[in-house]
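Peer 1: Shown below is the structure under consideration.
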Amino acid sequence: MKNCASGACRHFCVLILGAALAFPALAYASADDQLEEVVVTAQKRTENIQEVPIAVSAFGSAQLEQRGITSVSQLSNLAPNVNLDAGTPFSGSDTVLSAYIRGIGQDDFAFNLDPGVGVYVDGVYLARSVGANTTMLDVDRVEILKGPQGTLFGRNTIGGAISIVTRDPGKEFTVKGDVTTGSRQRFDAKVSFDVPFTDWILSTISFSTQKQTGYQHRIPFVQTNAGGSAGIPDCTTPTCPYITDAIQAFPAAGYQTSQNEGGINKWSGRAKVVFLLTDDFKVTATGDYLNVDQPASANTVIGINNAQLGPGGLSGVSNACLLGAPIGVLCKLPRGGLSPTPTPMPISPPLAGVNVDGNPYNNYLPYDSRFETGNIDTSYATGNSFSKLKNWGVSTVVDWSIGQGMNLKWINAYRDMRWDVGMDLDGSPQNVLQTSFDMIQHQTSEELQLNGIAVDDRLNYAVGAYYFEESGHLHDFVTFPMGILMIDGPNDLRTKAEALYAHLNFKLTEHWGLTLGGRETHEHKEFQGYQTDDNGLSYKITGCYPPDAPNTLGAPPSLTCQQALGFPVPGSPYTYYPKGPFTQNYNNFSPTAGIEFHINADQMLYASYSKGYKTGSWTTRLSSPHPTYDSSLHFNPEFAKSEELGYKSELIDHRLRLNLAAFHTKYDNIQLNSQQGISPTIVNAGDATIYGFEAEAQAVLGGGFSINASAGYTHAKYDRLNNVIDNGYLLTAHSCPERDPNAPAPTAIPASYSNGVCELPKTPKFKGFVGPQYAFNLPNSAGLLLNADVTYITKEYNDIGNTWQLARPAMSLINASITYQAPSRQWEVAVGGINLSDKRYVVSGQNQGGVAVIDASYNAPREWYATFRYRPEFGGGK
């Protein structure tokens, strides 16, 4: 934030100034107006958030309800230096979580990639970004821990951790629920039952459903009469006919279309049973299920590069085929019909001579900028549009207070996921860029924790052992122009991880404390790739075909075409990946150390050092054969070392909570997607230095007025890039030329690159939040609650290449609500608005240089909602 001269920034500065001027009113607040204690388990034990020497943002159930939070990603605007998005490039699903904290995270869904921010539900790790954007069903609180959490949470928490804690059942029978309606035929409902079977067997059963029509609309493409312009003959009707291939002509994870995209249709359930076997021994059993069956995420084409596509408007060899050019035997042979391949591709007619009459409007339409609608809420797409998820799990937690200040906890869990998604990325009636994916995942985890107090209550300790096992596959289906290249990529992966950890906090004196900890992790991974081209492009384009034919490409002639072209697996002539399985082993020690100085009972200073790592894996998105296994087929772990200085305080007789933190992180071996040809490929892009600060404040001003505010600054730039090639451009770390925002947009997509890049993706320099709340009673003893949330965010980039078309501009986002509470407080009605400023920005997108298109998924427009809630405990007891 350079200054407060710009419009959006000026408005936010006025809000900050107003908040600052309001704080003196704290001195005149009633003694009864005090902040409630916030309890967290960030250090594997229950404690006041103000006693935890870690930067933590915490949100309770009341705060989540008042702000209409229904998923993890919606917390993004409330927490400083945190970026949470619903979806990643070409994932097509809002259940996928792109999570970044302080510049570190992961913006991909592939099974071979692990998240950089760990998500936990009741202590159980969710290993995949798919399904991590979970619903907020009967949640008690959410804790966002910032910075590497390698000691207590382990692998893949290099950026931080998000811990979701669900509500435990009450001791009396109660029913509570809510119903919401709103824009685009929204209908949400939640209900929760507390059912005590006996005084020592308690249970809660919760259910929710969410439905809403999509905000992006597919519209028919009409090719108008060209009138003989540019040497193209006209057709005899006002609109010219054209042909397309049916989506069933190409392998996919399913076949389903939708006229509206970006809609919601999901339901979830959770059951929790608590057995209070003795005063010291408790067993909790939980089961949860999430079902999603909805259209794919909204996606629109925002740039098609005519110049790159060339005459006729199709890319590469497909254009040449349509114009009748002799490229090997590619154009003459039917598409598909090969064997053996993972998924049989039906036989389609060859492309040679299709448009040789010189009129492309009576056959396949050229793919060019005619398919840019100019409206981010419309698309000419006709291909797949579906997002389906079945995600369930069971867990048990055994909690035993042994005595002598010791508590033993055993958490074991099993989770199972099935995900299918399909989307049309080319935004046209043609099959130019279609993707779909099928993922099956199973995981088992066990954790044994021993927490306690010793040495005359001066030592708090947490020691434990952890085991994790995961297996499954991700099957990629990617159709490139007309199926000339048909990627069919099943990949199998398996991971085992074991860890031991210890975390000690020792009170040296009344004011000084020392923290030491470490975690030793051993990880074993196995992988086998089966990436295949179901149309045999490599053979057909060279003319060396069929695979077992003698080599016609030069010496030695004794080779077959398969051997000459480097396809590595005998008997599988179209498979790119060498035969495995392949293994990787990682050993890591992640320490933490810190010192705390308690100024008094309400103020603490702390300094800490921590390390974390995110595991390596294999590259799976291949589009050419690899004769042997080499280093280009895998990428290494990434590492973070972070120092943090913090101040935590409750001031003015516990009416103001003010927490500050400054951090510095060395981030090495960064894993990022680099667009190499047609393949988005994970590489160890380079190293970066990240530093910044954050502040969070909550204040009770008296008279029913309270306010939450936060601010975060992150400087996240590369120190070094490892000769990263992105869409044919060499990216460098030390030059950051900025396109003049007042200059006209370049007509060619390559001009969007500066040939220099330095900012990490998904990381705005500044984010500020102000959330005032005013509650007062009406004459009939009813209550009225006014809420407003204003978040200001500076510009941020969505990809490694800092593609300006995909960047988010600086903006202010505004939500507000008004709630009427009945005199009994047993029911209430809330009416609110989301994105009242109607700001539209790219949530995720891709610059796909292989087919010269940039596509993007935008956030939803302004919407309203109305909610009725029934809460019997409002009336004074459960």
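By convention here, the chains of the structure tokens are called A, B, ... in the order presented, each chain's residues are numbered starting at 1, and ligands are numbered starting at 1 in the order presented.
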Show which residues sit within 12 Å of A:Asn708, as an mmCIF file with N, CA, C and O atoms, in the first residue's frame. Count only C-alpha atoms, and ignore same-chain residues fewer than 2 positions away.

Peer 2:
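Written file, part.cif:
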```cif
data_model
loop_
_atom_site.group_PDB
_atom_site.id
_atom_site.type_symbol
_atom_site.label_atom_id
_atom_site.label_comp_id
_atom_site.auth_asym_id
_atom_site.auth_seq_id
_atom_site.Cartn_x
_atom_site.Cartn_y
_atom_site.Cartn_z
ATOM 1 N N LEU A 15 -11.451 3.948 7.327
ATOM 2 C CA LEU A 15 -11.970 2.956 8.278
ATOM 3 C C LEU A 15 -10.970 2.690 9.396
ATOM 4 O O LEU A 15 -11.338 2.603 10.567
ATOM 5 N N ILE A 16 -9.686 2.545 9.021
ATOM 6 C CA ILE A 16 -8.650 2.312 10.036
ATOM 7 C C ILE A 16 -8.577 3.498 10.992
ATOM 8 O O ILE A 16 -8.474 3.338 12.214
ATOM 9 N N ALA A 19 -11.466 3.394 13.321
ATOM 10 C CA ALA A 19 -11.265 2.376 14.352
ATOM 11 C C ALA A 19 -10.302 2.870 15.412
ATOM 12 O O ALA A 19 -10.503 2.663 16.605
ATOM 13 N N ALA A 20 -9.228 3.526 14.965
ATOM 14 C CA ALA A 20 -8.239 4.030 15.918
ATOM 15 C C ALA A 20 -8.848 5.090 16.834
ATOM 16 O O ALA A 20 -8.568 5.137 18.035
ATOM 17 N N ALA A 22 -11.860 5.202 17.709
ATOM 18 C CA ALA A 22 -12.837 4.571 18.603
ATOM 19 C C ALA A 22 -12.184 3.956 19.820
ATOM 20 O O ALA A 22 -12.826 3.809 20.870
ATOM 21 N N PHE A 23 -10.903 3.570 19.723
ATOM 22 C CA PHE A 23 -10.258 2.867 20.822
ATOM 23 C C PHE A 23 -10.211 3.660 22.132
ATOM 24 O O PHE A 23 -10.298 3.073 23.206
ATOM 25 N N LEU A 35 -13.519 -8.807 26.969
ATOM 26 C CA LEU A 35 -13.358 -9.826 25.942
ATOM 27 C C LEU A 35 -13.459 -11.220 26.555
ATOM 28 O O LEU A 35 -12.981 -11.452 27.674
ATOM 29 N N SER A 57 -4.593 -17.024 14.322
ATOM 30 C CA SER A 57 -5.894 -16.376 14.149
ATOM 31 C C SER A 57 -6.955 -17.404 14.487
ATOM 32 O O SER A 57 -6.945 -18.510 13.939
ATOM 33 N N ALA A 58 -7.860 -17.063 15.386
ATOM 34 C CA ALA A 58 -8.873 -18.006 15.848
ATOM 35 C C ALA A 58 -10.270 -17.431 15.627
ATOM 36 O O ALA A 58 -10.500 -16.231 15.817
ATOM 37 N N PHE A 59 -11.188 -18.302 15.221
ATOM 38 C CA PHE A 59 -12.558 -17.890 14.942
ATOM 39 C C PHE A 59 -13.509 -18.875 15.603
ATOM 40 O O PHE A 59 -13.461 -20.077 15.339
ATOM 41 N N GLN A 63 -18.756 -16.242 15.713
ATOM 42 C CA GLN A 63 -18.177 -15.382 14.685
ATOM 43 C C GLN A 63 -18.392 -15.969 13.290
ATOM 44 O O GLN A 63 -18.683 -15.249 12.335
ATOM 45 N N LEU A 78 -10.561 -12.570 6.494
ATOM 46 C CA LEU A 78 -10.554 -12.202 7.910
ATOM 47 C C LEU A 78 -9.186 -12.299 8.553
ATOM 48 O O LEU A 78 -8.958 -11.703 9.613
ATOM 49 N N ALA A 79 -8.270 -13.074 7.959
ATOM 50 C CA ALA A 79 -6.988 -13.357 8.603
ATOM 51 C C ALA A 79 -5.855 -12.680 7.839
ATOM 52 O O ALA A 79 -5.755 -12.825 6.616
ATOM 53 N N PRO A 80 -4.973 -11.970 8.524
ATOM 54 C CA PRO A 80 -3.874 -11.297 7.831
ATOM 55 C C PRO A 80 -2.848 -12.279 7.298
ATOM 56 O O PRO A 80 -2.561 -13.306 7.910
ATOM 57 N N ARG A 655 -10.349 -5.221 27.778
ATOM 58 C CA ARG A 655 -11.296 -4.757 26.761
ATOM 59 C C ARG A 655 -10.638 -4.619 25.388
ATOM 60 O O ARG A 655 -11.319 -4.444 24.388
ATOM 61 N N LEU A 656 -9.314 -4.712 25.341
ATOM 62 C CA LEU A 656 -8.584 -4.662 24.073
ATOM 63 C C LEU A 656 -7.581 -5.805 24.024
ATOM 64 O O LEU A 656 -6.759 -5.962 24.932
ATOM 65 N N ARG A 657 -7.673 -6.600 22.984
ATOM 66 C CA ARG A 657 -6.677 -7.646 22.729
ATOM 67 C C ARG A 657 -5.875 -7.219 21.499
ATOM 68 O O ARG A 657 -6.442 -7.013 20.424
ATOM 69 N N LEU A 658 -4.562 -7.107 21.671
ATOM 70 C CA LEU A 658 -3.699 -6.648 20.587
ATOM 71 C C LEU A 658 -2.531 -7.611 20.456
ATOM 72 O O LEU A 658 -1.739 -7.772 21.381
ATOM 73 N N ASN A 659 -2.437 -8.261 19.304
ATOM 74 C CA ASN A 659 -1.362 -9.206 19.021
ATOM 75 C C ASN A 659 -0.596 -8.759 17.782
ATOM 76 O O ASN A 659 -1.197 -8.461 16.740
ATOM 77 N N ALA A 695 -0.830 -7.663 12.412
ATOM 78 C CA ALA A 695 -1.425 -7.172 13.652
ATOM 79 C C ALA A 695 -2.880 -7.580 13.679
ATOM 80 O O ALA A 695 -3.576 -7.513 12.656
ATOM 81 N N GLU A 696 -3.327 -8.032 14.841
ATOM 82 C CA GLU A 696 -4.728 -8.378 15.033
ATOM 83 C C GLU A 696 -5.210 -7.744 16.325
ATOM 84 O O GLU A 696 -4.524 -7.792 17.353
ATOM 85 N N ALA A 697 -6.411 -7.162 16.257
ATOM 86 C CA ALA A 697 -6.965 -6.489 17.435
ATOM 87 C C ALA A 697 -8.447 -6.796 17.554
ATOM 88 O O ALA A 697 -9.161 -6.876 16.550
ATOM 89 N N GLN A 698 -8.881 -7.028 18.782
ATOM 90 C CA GLN A 698 -10.303 -7.143 19.104
ATOM 91 C C GLN A 698 -10.554 -6.221 20.284
ATOM 92 O O GLN A 698 -9.777 -6.203 21.243
ATOM 93 N N ALA A 699 -11.649 -5.466 20.191
ATOM 94 C CA ALA A 699 -11.933 -4.502 21.248
ATOM 95 C C ALA A 699 -13.417 -4.469 21.551
ATOM 96 O O ALA A 699 -14.253 -4.553 20.645
ATOM 97 N N VAL A 700 -13.744 -4.391 22.851
ATOM 98 C CA VAL A 700 -15.103 -4.158 23.317
ATOM 99 C C VAL A 700 -15.158 -2.708 23.769
ATOM 100 O O VAL A 700 -14.528 -2.323 24.763
ATOM 101 N N LEU A 701 -15.907 -1.883 23.017
ATOM 102 C CA LEU A 701 -15.890 -0.444 23.273
ATOM 103 C C LEU A 701 -16.966 -0.003 24.235
ATOM 104 O O LEU A 701 -16.975 1.141 24.684
ATOM 105 N N PHE A 705 -20.993 -1.905 21.382
ATOM 106 C CA PHE A 705 -20.146 -1.734 20.198
ATOM 107 C C PHE A 705 -18.819 -2.471 20.396
ATOM 108 O O PHE A 705 -18.173 -2.359 21.442
ATOM 109 N N SER A 706 -18.431 -3.255 19.388
ATOM 110 C CA SER A 706 -17.152 -3.961 19.401
ATOM 111 C C SER A 706 -16.573 -3.932 17.996
ATOM 112 O O SER A 706 -17.273 -3.624 17.026
ATOM 113 N N SER A 710 -7.530 -6.217 11.587
ATOM 114 C CA SER A 710 -6.238 -6.859 11.358
ATOM 115 C C SER A 710 -5.566 -6.218 10.167
ATOM 116 O O SER A 710 -6.214 -5.595 9.312
ATOM 117 N N ALA A 711 -4.266 -6.381 10.104
ATOM 118 C CA ALA A 711 -3.478 -5.874 8.976
ATOM 119 C C ALA A 711 -2.264 -6.774 8.806
ATOM 120 O O ALA A 711 -1.684 -7.248 9.788
ATOM 121 N N GLY A 768 -5.748 -5.652 4.754
ATOM 122 C CA GLY A 768 -6.281 -5.073 5.981
ATOM 123 C C GLY A 768 -7.751 -5.389 6.138
ATOM 124 O O GLY A 768 -8.497 -5.481 5.142
ATOM 125 N N PHE A 769 -8.181 -5.574 7.364
ATOM 126 C CA PHE A 769 -9.567 -5.956 7.645
ATOM 127 C C PHE A 769 -10.095 -5.149 8.821
ATOM 128 O O PHE A 769 -9.391 -4.966 9.832
ATOM 129 N N VAL A 770 -11.318 -4.647 8.695
ATOM 130 C CA VAL A 770 -12.020 -3.975 9.796
ATOM 131 C C VAL A 770 -13.419 -4.558 9.862
ATOM 132 O O VAL A 770 -14.134 -4.593 8.842
ATOM 133 N N GLY A 771 -13.820 -5.030 11.054
ATOM 134 C CA GLY A 771 -15.141 -5.631 11.224
ATOM 135 C C GLY A 771 -15.858 -5.089 12.441
ATOM 136 O O GLY A 771 -15.805 -5.708 13.513
ATOM 137 N N PRO A 772 -16.528 -3.955 12.319
ATOM 138 C CA PRO A 772 -17.277 -3.414 13.465
ATOM 139 C C PRO A 772 -18.579 -4.164 13.677
ATOM 140 O O PRO A 772 -19.180 -4.696 12.746
ATOM 141 N N GLN A 773 -19.020 -4.194 14.929
ATOM 142 C CA GLN A 773 -20.282 -4.832 15.303
ATOM 143 C C GLN A 773 -20.972 -3.982 16.363
ATOM 144 O O GLN A 773 -20.329 -3.496 17.295
ATOM 145 N N TYR A 774 -22.273 -3.810 16.192
ATOM 146 C CA TYR A 774 -23.051 -3.030 17.149
ATOM 147 C C TYR A 774 -24.295 -3.828 17.529
ATOM 148 O O TYR A 774 -25.081 -4.227 16.669
ATOM 149 N N ASN A 787 -23.565 -5.978 11.671
ATOM 150 C CA ASN A 787 -22.204 -6.422 11.356
ATOM 151 C C ASN A 787 -21.775 -5.853 10.012
ATOM 152 O O ASN A 787 -22.577 -5.789 9.075
ATOM 153 N N ALA A 788 -20.510 -5.503 9.915
ATOM 154 C CA ALA A 788 -19.929 -5.107 8.633
ATOM 155 C C ALA A 788 -18.489 -5.600 8.588
ATOM 156 O O ALA A 788 -17.783 -5.581 9.596
ATOM 157 N N ASP A 789 -18.066 -6.069 7.443
ATOM 158 C CA ASP A 789 -16.686 -6.505 7.218
ATOM 159 C C ASP A 789 -16.156 -5.790 5.989
ATOM 160 O O ASP A 789 -16.773 -5.854 4.916
ATOM 161 N N VAL A 790 -15.028 -5.130 6.142
ATOM 162 C CA VAL A 790 -14.377 -4.467 5.009
ATOM 163 C C VAL A 790 -12.942 -4.972 4.936
ATOM 164 O O VAL A 790 -12.195 -4.880 5.914
ATOM 165 N N THR A 791 -12.583 -5.526 3.791
ATOM 166 C CA THR A 791 -11.229 -6.036 3.575
ATOM 167 C C THR A 791 -10.607 -5.326 2.381
ATOM 168 O O THR A 791 -11.217 -5.289 1.300
#
```

Peer 1: Residues of stretch 561-787 of chain A classed as strand (DSSP E) by DSSP on the backbone are to be reported as a PyMOL selection string.

Peer 2: chain A and resi 582-600+603-614+617-618+634-635+638-651+656-668+671-676+679-684+686-702+705-721+725-726+729-730+766-777+783-787

Peer 1: Selection from above, C-alpha atoms, as a CSV table (one decimal), in the first residue's frame, can you write it?

Peer 2:
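Saved as again.csv:
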```csv
chain,number,residue,atom,x,y,z
A,582,PHE,CA,9.9,-45.8,-8.5
A,583,THR,CA,10.6,-45.0,-4.9
A,584,GLN,CA,11.9,-42.0,-2.9
A,585,ASN,CA,12.9,-41.8,0.8
A,586,TYR,CA,13.1,-38.6,2.8
A,587,ASN,CA,14.4,-38.1,6.3
A,588,ASN,CA,13.8,-34.7,7.9
A,589,PHE,CA,14.4,-33.1,11.3
A,590,SER,CA,12.3,-30.0,11.9
A,591,PRO,CA,13.3,-28.2,15.1
A,592,THR,CA,11.7,-25.2,16.9
A,593,ALA,CA,13.2,-23.0,19.6
A,594,GLY,CA,11.9,-19.9,21.3
A,595,ILE,CA,12.0,-17.6,24.3
A,596,GLU,CA,9.2,-15.8,26.0
A,597,PHE,CA,9.2,-12.8,28.3
A,598,HIS,CA,6.0,-12.2,30.3
A,599,ILE,CA,5.9,-8.5,31.1
A,600,ASN,CA,2.9,-9.1,33.3
A,603,GLN,CA,1.4,-9.0,28.1
A,604,MET,CA,4.0,-11.3,26.6
A,605,LEU,CA,7.0,-10.8,24.2
A,606,TYR,CA,8.3,-13.8,22.3
A,607,ALA,CA,11.0,-14.8,19.8
A,608,SER,CA,11.0,-18.1,17.9
A,609,TYR,CA,12.8,-20.1,15.2
A,610,SER,CA,11.2,-22.9,13.3
A,611,LYS,CA,11.8,-25.1,10.3
A,612,GLY,CA,9.4,-27.1,8.1
A,613,TYR,CA,9.5,-29.1,4.9
A,614,LYS,CA,7.2,-30.2,2.1
A,617,SER,CA,7.4,-36.3,-5.6
A,618,TRP,CA,7.3,-37.1,-9.3
A,634,HIS,CA,10.9,-35.9,-10.1
A,635,PHE,CA,11.2,-32.8,-7.9
A,638,GLU,CA,11.1,-27.6,-0.3
A,639,PHE,CA,12.2,-26.1,3.0
A,640,ALA,CA,11.5,-23.1,5.1
A,641,LYS,CA,13.4,-21.6,8.0
A,642,SER,CA,11.6,-18.8,9.8
A,643,GLU,CA,12.3,-16.4,12.6
A,644,GLU,CA,9.4,-14.6,14.4
A,645,LEU,CA,9.1,-11.8,16.9
A,646,GLY,CA,5.8,-11.3,18.6
A,647,TYR,CA,3.8,-9.4,21.2
A,648,LYS,CA,0.6,-10.5,22.8
A,649,SER,CA,-1.5,-8.4,25.1
A,650,GLU,CA,-4.8,-7.8,26.7
A,651,LEU,CA,-5.1,-4.2,27.7
A,656,LEU,CA,-8.6,-4.7,24.1
A,657,ARG,CA,-6.7,-7.6,22.7
A,658,LEU,CA,-3.7,-6.6,20.6
A,659,ASN,CA,-1.4,-9.2,19.0
A,660,LEU,CA,1.6,-8.3,16.8
A,661,ALA,CA,4.1,-10.4,14.9
A,662,ALA,CA,7.0,-9.8,12.6
A,663,PHE,CA,8.6,-12.7,10.6
A,664,HIS,CA,11.5,-13.5,8.3
A,665,THR,CA,11.6,-16.7,6.2
A,666,LYS,CA,14.1,-18.3,3.9
A,667,TYR,CA,12.1,-20.4,1.4
A,668,ASP,CA,14.2,-22.9,-0.6
A,671,GLN,CA,7.7,-26.1,-6.0
A,672,LEU,CA,5.8,-24.2,-8.6
A,673,ASN,CA,3.9,-25.0,-11.8
A,674,SER,CA,5.9,-24.0,-15.0
A,675,GLN,CA,4.0,-24.2,-18.3
A,676,GLN,CA,6.4,-26.2,-20.5
A,679,SER,CA,2.2,-29.4,-19.9
A,680,PRO,CA,1.9,-27.6,-16.6
A,681,THR,CA,4.9,-29.1,-14.9
A,682,ILE,CA,6.0,-28.9,-11.3
A,683,VAL,CA,9.6,-27.8,-10.9
A,684,ASN,CA,11.9,-26.7,-8.0
A,686,GLY,CA,14.2,-21.5,-7.0
A,687,ASP,CA,14.6,-19.7,-3.6
A,688,ALA,CA,12.9,-16.7,-2.0
A,689,THR,CA,13.2,-14.5,1.0
A,690,ILE,CA,9.9,-13.6,2.7
A,691,TYR,CA,9.4,-11.1,5.5
A,692,GLY,CA,6.6,-9.0,6.9
A,693,PHE,CA,4.4,-8.3,9.9
A,694,GLU,CA,0.8,-8.7,11.0
A,695,ALA,CA,-1.4,-7.2,13.7
A,696,GLU,CA,-4.7,-8.4,15.0
A,697,ALA,CA,-7.0,-6.5,17.4
A,698,GLN,CA,-10.3,-7.1,19.1
A,699,ALA,CA,-11.9,-4.5,21.2
A,700,VAL,CA,-15.1,-4.2,23.3
A,701,LEU,CA,-15.9,-0.4,23.3
A,702,GLY,CA,-19.0,-0.5,25.5
A,705,PHE,CA,-20.1,-1.7,20.2
A,706,SER,CA,-17.2,-4.0,19.4
A,707,ILE,CA,-14.6,-4.2,16.6
A,708,ASN,CA,-12.2,-6.7,15.1
A,709,ALA,CA,-9.4,-5.4,12.9
A,710,SER,CA,-6.2,-6.9,11.4
A,711,ALA,CA,-3.5,-5.9,9.0
A,712,GLY,CA,-0.7,-7.9,7.3
A,713,TYR,CA,2.2,-7.0,5.1
A,714,THR,CA,4.2,-9.6,3.2
A,715,HIS,CA,7.3,-9.0,1.0
A,716,ALA,CA,7.7,-12.2,-1.0
A,717,LYS,CA,10.2,-12.2,-3.9
A,718,TYR,CA,12.5,-14.6,-5.5
A,719,ASP,CA,16.2,-14.6,-4.7
A,720,ARG,CA,17.0,-17.1,-7.5
A,721,LEU,CA,15.1,-18.9,-10.2
A,725,ILE,CA,10.9,-21.7,-18.7
A,726,ASP,CA,7.2,-20.7,-18.6
A,729,TYR,CA,9.9,-17.4,-21.7
A,730,LEU,CA,12.9,-17.5,-19.4
A,766,PHE,CA,-0.9,-5.8,2.1
A,767,LYS,CA,-4.2,-7.0,3.4
A,768,GLY,CA,-6.3,-5.1,6.0
A,769,PHE,CA,-9.6,-6.0,7.6
A,770,VAL,CA,-12.0,-4.0,9.8
A,771,GLY,CA,-15.1,-5.6,11.2
A,772,PRO,CA,-17.3,-3.4,13.5
A,773,GLN,CA,-20.3,-4.8,15.3
A,774,TYR,CA,-23.1,-3.0,17.1
A,775,ALA,CA,-25.6,-4.8,19.3
A,776,PHE,CA,-28.5,-3.2,21.2
A,777,ASN,CA,-31.9,-4.1,22.7
A,783,GLY,CA,-32.1,-7.5,20.1
A,784,LEU,CA,-30.6,-6.1,16.9
A,785,LEU,CA,-27.1,-6.9,15.8
A,786,LEU,CA,-25.3,-5.0,13.0
A,787,ASN,CA,-22.2,-6.4,11.4
```

Peer 1: Counting only C-alpha atoms, which residues of stretch 432-491 of chain A sit at most 10 Å from some atom of stretch 523-530 of chain A, and what is each one's closest atom pair with its distance in Å to one decimal, listed by chain and rising residue number, as a Markdown table?

Peer 2:
```
| residue | atom | partner | partner_atom | distance |
| --- | --- | --- | --- | --- |
| A:Tyr467 | CA | A:Glu523 | CA | 9.9 |
| A:Phe468 | CA | A:Glu523 | CA | 9.3 |
| A:Glu469 | CA | A:His524 | CA | 9.6 |
| A:Glu470 | CA | A:Lys525 | CA | 9.5 |
| A:Ser471 | CA | A:Glu526 | CA | 9.2 |
| A:His473 | CA | A:Phe527 | CA | 9.6 |
| A:Leu474 | CA | A:Gly529 | CA | 9.9 |
| A:His475 | CA | A:Tyr530 | CA | 9.2 |
| A:Asp488 | CA | A:Tyr530 | CA | 8.1 |
| A:Gly489 | CA | A:Tyr530 | CA | 5.7 |
| A:Pro490 | CA | A:Tyr530 | CA | 5.4 |
| A:Asn491 | CA | A:Gly529 | CA | 4.6 |
```

Peer 1: Report, in Å with one decimal, the straight-line distance from atom CA of A:Gln846 to atom CA of A:Pro89.

Peer 2: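 That distance, rounded to one decimal, is 5.9 Å.
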
Peer 1: What lies within 12 Å of A:Tyr501 using only C-alpha atoms, ignoring chain neighbours under 3 positions off, as a VMD selection string?

Peer 2: chain A and resid 44 149 to 155 447 to 451 461 to 467 498 504 516 to 522 588 to 592

Peer 1: Report the residues of stretch 127-365 of chain A whose backbone DSSP state falls under helix (DSSP H, G or I), written as a ChimeraX atom specification.

Peer 2: /A:229-231,247-249,306-309,316-322,360-362

Peer 1: From the list A:Ala249, A:Val273, A:Ala601, A:Ala161, which residue is nearest A:Pro346 when using only C-alpha atoms?

Peer 2: A:Ala249

Peer 1: Go through A:Thr495, A:Thr95, A:Ser572, A:Thr435 one by one, measure the shortest atom-to-atom distance of each to A:Phe250 using only C-alpha atoms, and give the residue with the smallest value.

Peer 2: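 When distances to A:Phe250 are compared using only C-alpha atoms, the smallest one comes from A:Thr435.
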
Peer 1: As a list in words, please: the residues near A:Pro761 (cut-off 9 Å, only C-alpha atoms, same-chain neighbours under 4 positions excluded).

Peer 2: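 Those residues are Gly103, Ile104, Asp107, Ala716, Glu796, Tyr797, Asn798, Asp799, Ile800, Gly801 and Asn802 of chain A.
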
Peer 1: Write the residues of the selection above to a file with N, CA, C and O atoms, as a short mmCIF file (atom, residue, chain, number, x, y, z; two decimals), in the first residue's frame.

Peer 2:
```cif
data_model
loop_
_atom_site.label_atom_id
_atom_site.label_comp_id
_atom_site.auth_asym_id
_atom_site.auth_seq_id
_atom_site.Cartn_x
_atom_site.Cartn_y
_atom_site.Cartn_z
N GLY A 103 2.96 -16.34 2.07
CA GLY A 103 3.62 -16.58 0.79
C GLY A 103 3.93 -18.01 0.47
O GLY A 103 4.50 -18.29 -0.59
N ILE A 104 3.56 -18.96 1.33
CA ILE A 104 3.90 -20.37 1.12
C ILE A 104 2.63 -21.20 1.07
O ILE A 104 1.77 -21.09 1.95
N ASP A 107 -0.87 -24.45 -5.16
CA ASP A 107 -1.99 -24.06 -6.01
C ASP A 107 -2.21 -25.13 -7.07
O ASP A 107 -2.26 -24.83 -8.26
N ALA A 716 7.36 -10.85 -0.59
CA ALA A 716 7.65 -12.22 -1.02
C ALA A 716 8.20 -12.19 -2.44
O ALA A 716 7.43 -12.11 -3.41
N GLU A 796 -2.31 -8.82 -6.50
CA GLU A 796 -1.59 -10.09 -6.35
C GLU A 796 -1.66 -10.87 -7.66
O GLU A 796 -2.57 -10.68 -8.47
N TYR A 797 -0.67 -11.75 -7.83
CA TYR A 797 -0.59 -12.57 -9.04
C TYR A 797 -1.06 -13.98 -8.74
O TYR A 797 -0.98 -14.47 -7.62
N ASN A 798 -1.53 -14.65 -9.79
CA ASN A 798 -2.09 -15.99 -9.64
C ASN A 798 -1.19 -17.10 -10.16
O ASN A 798 -1.52 -18.27 -9.99
N ASP A 799 -0.07 -16.76 -10.82
CA ASP A 799 0.76 -17.81 -11.42
C ASP A 799 2.22 -17.42 -11.35
O ASP A 799 2.59 -16.28 -11.08
N ILE A 800 3.09 -18.41 -11.62
CA ILE A 800 4.53 -18.19 -11.53
C ILE A 800 5.01 -17.15 -12.53
O ILE A 800 5.95 -16.41 -12.26
N GLY A 801 4.34 -17.05 -13.68
CA GLY A 801 4.76 -16.10 -14.71
C GLY A 801 4.27 -14.69 -14.47
O GLY A 801 4.55 -13.80 -15.28
N ASN A 802 3.51 -14.47 -13.39
CA ASN A 802 2.93 -13.15 -13.11
C ASN A 802 2.16 -12.62 -14.32
O ASN A 802 2.26 -11.45 -14.69
#
```

Peer 1: Tell me which protein, DNA and RNA residues are within 7 Å of stretch 416-431 of chain A, counting only C-alpha atoms, leaving out same-chain ones fewer than 2 positions away, and put them as an MDAnalysis selection string.

Peer 2: chainID A and resid 92 244:245 253 296 300:301 371 379:393 414 433:443 479 481:482 855
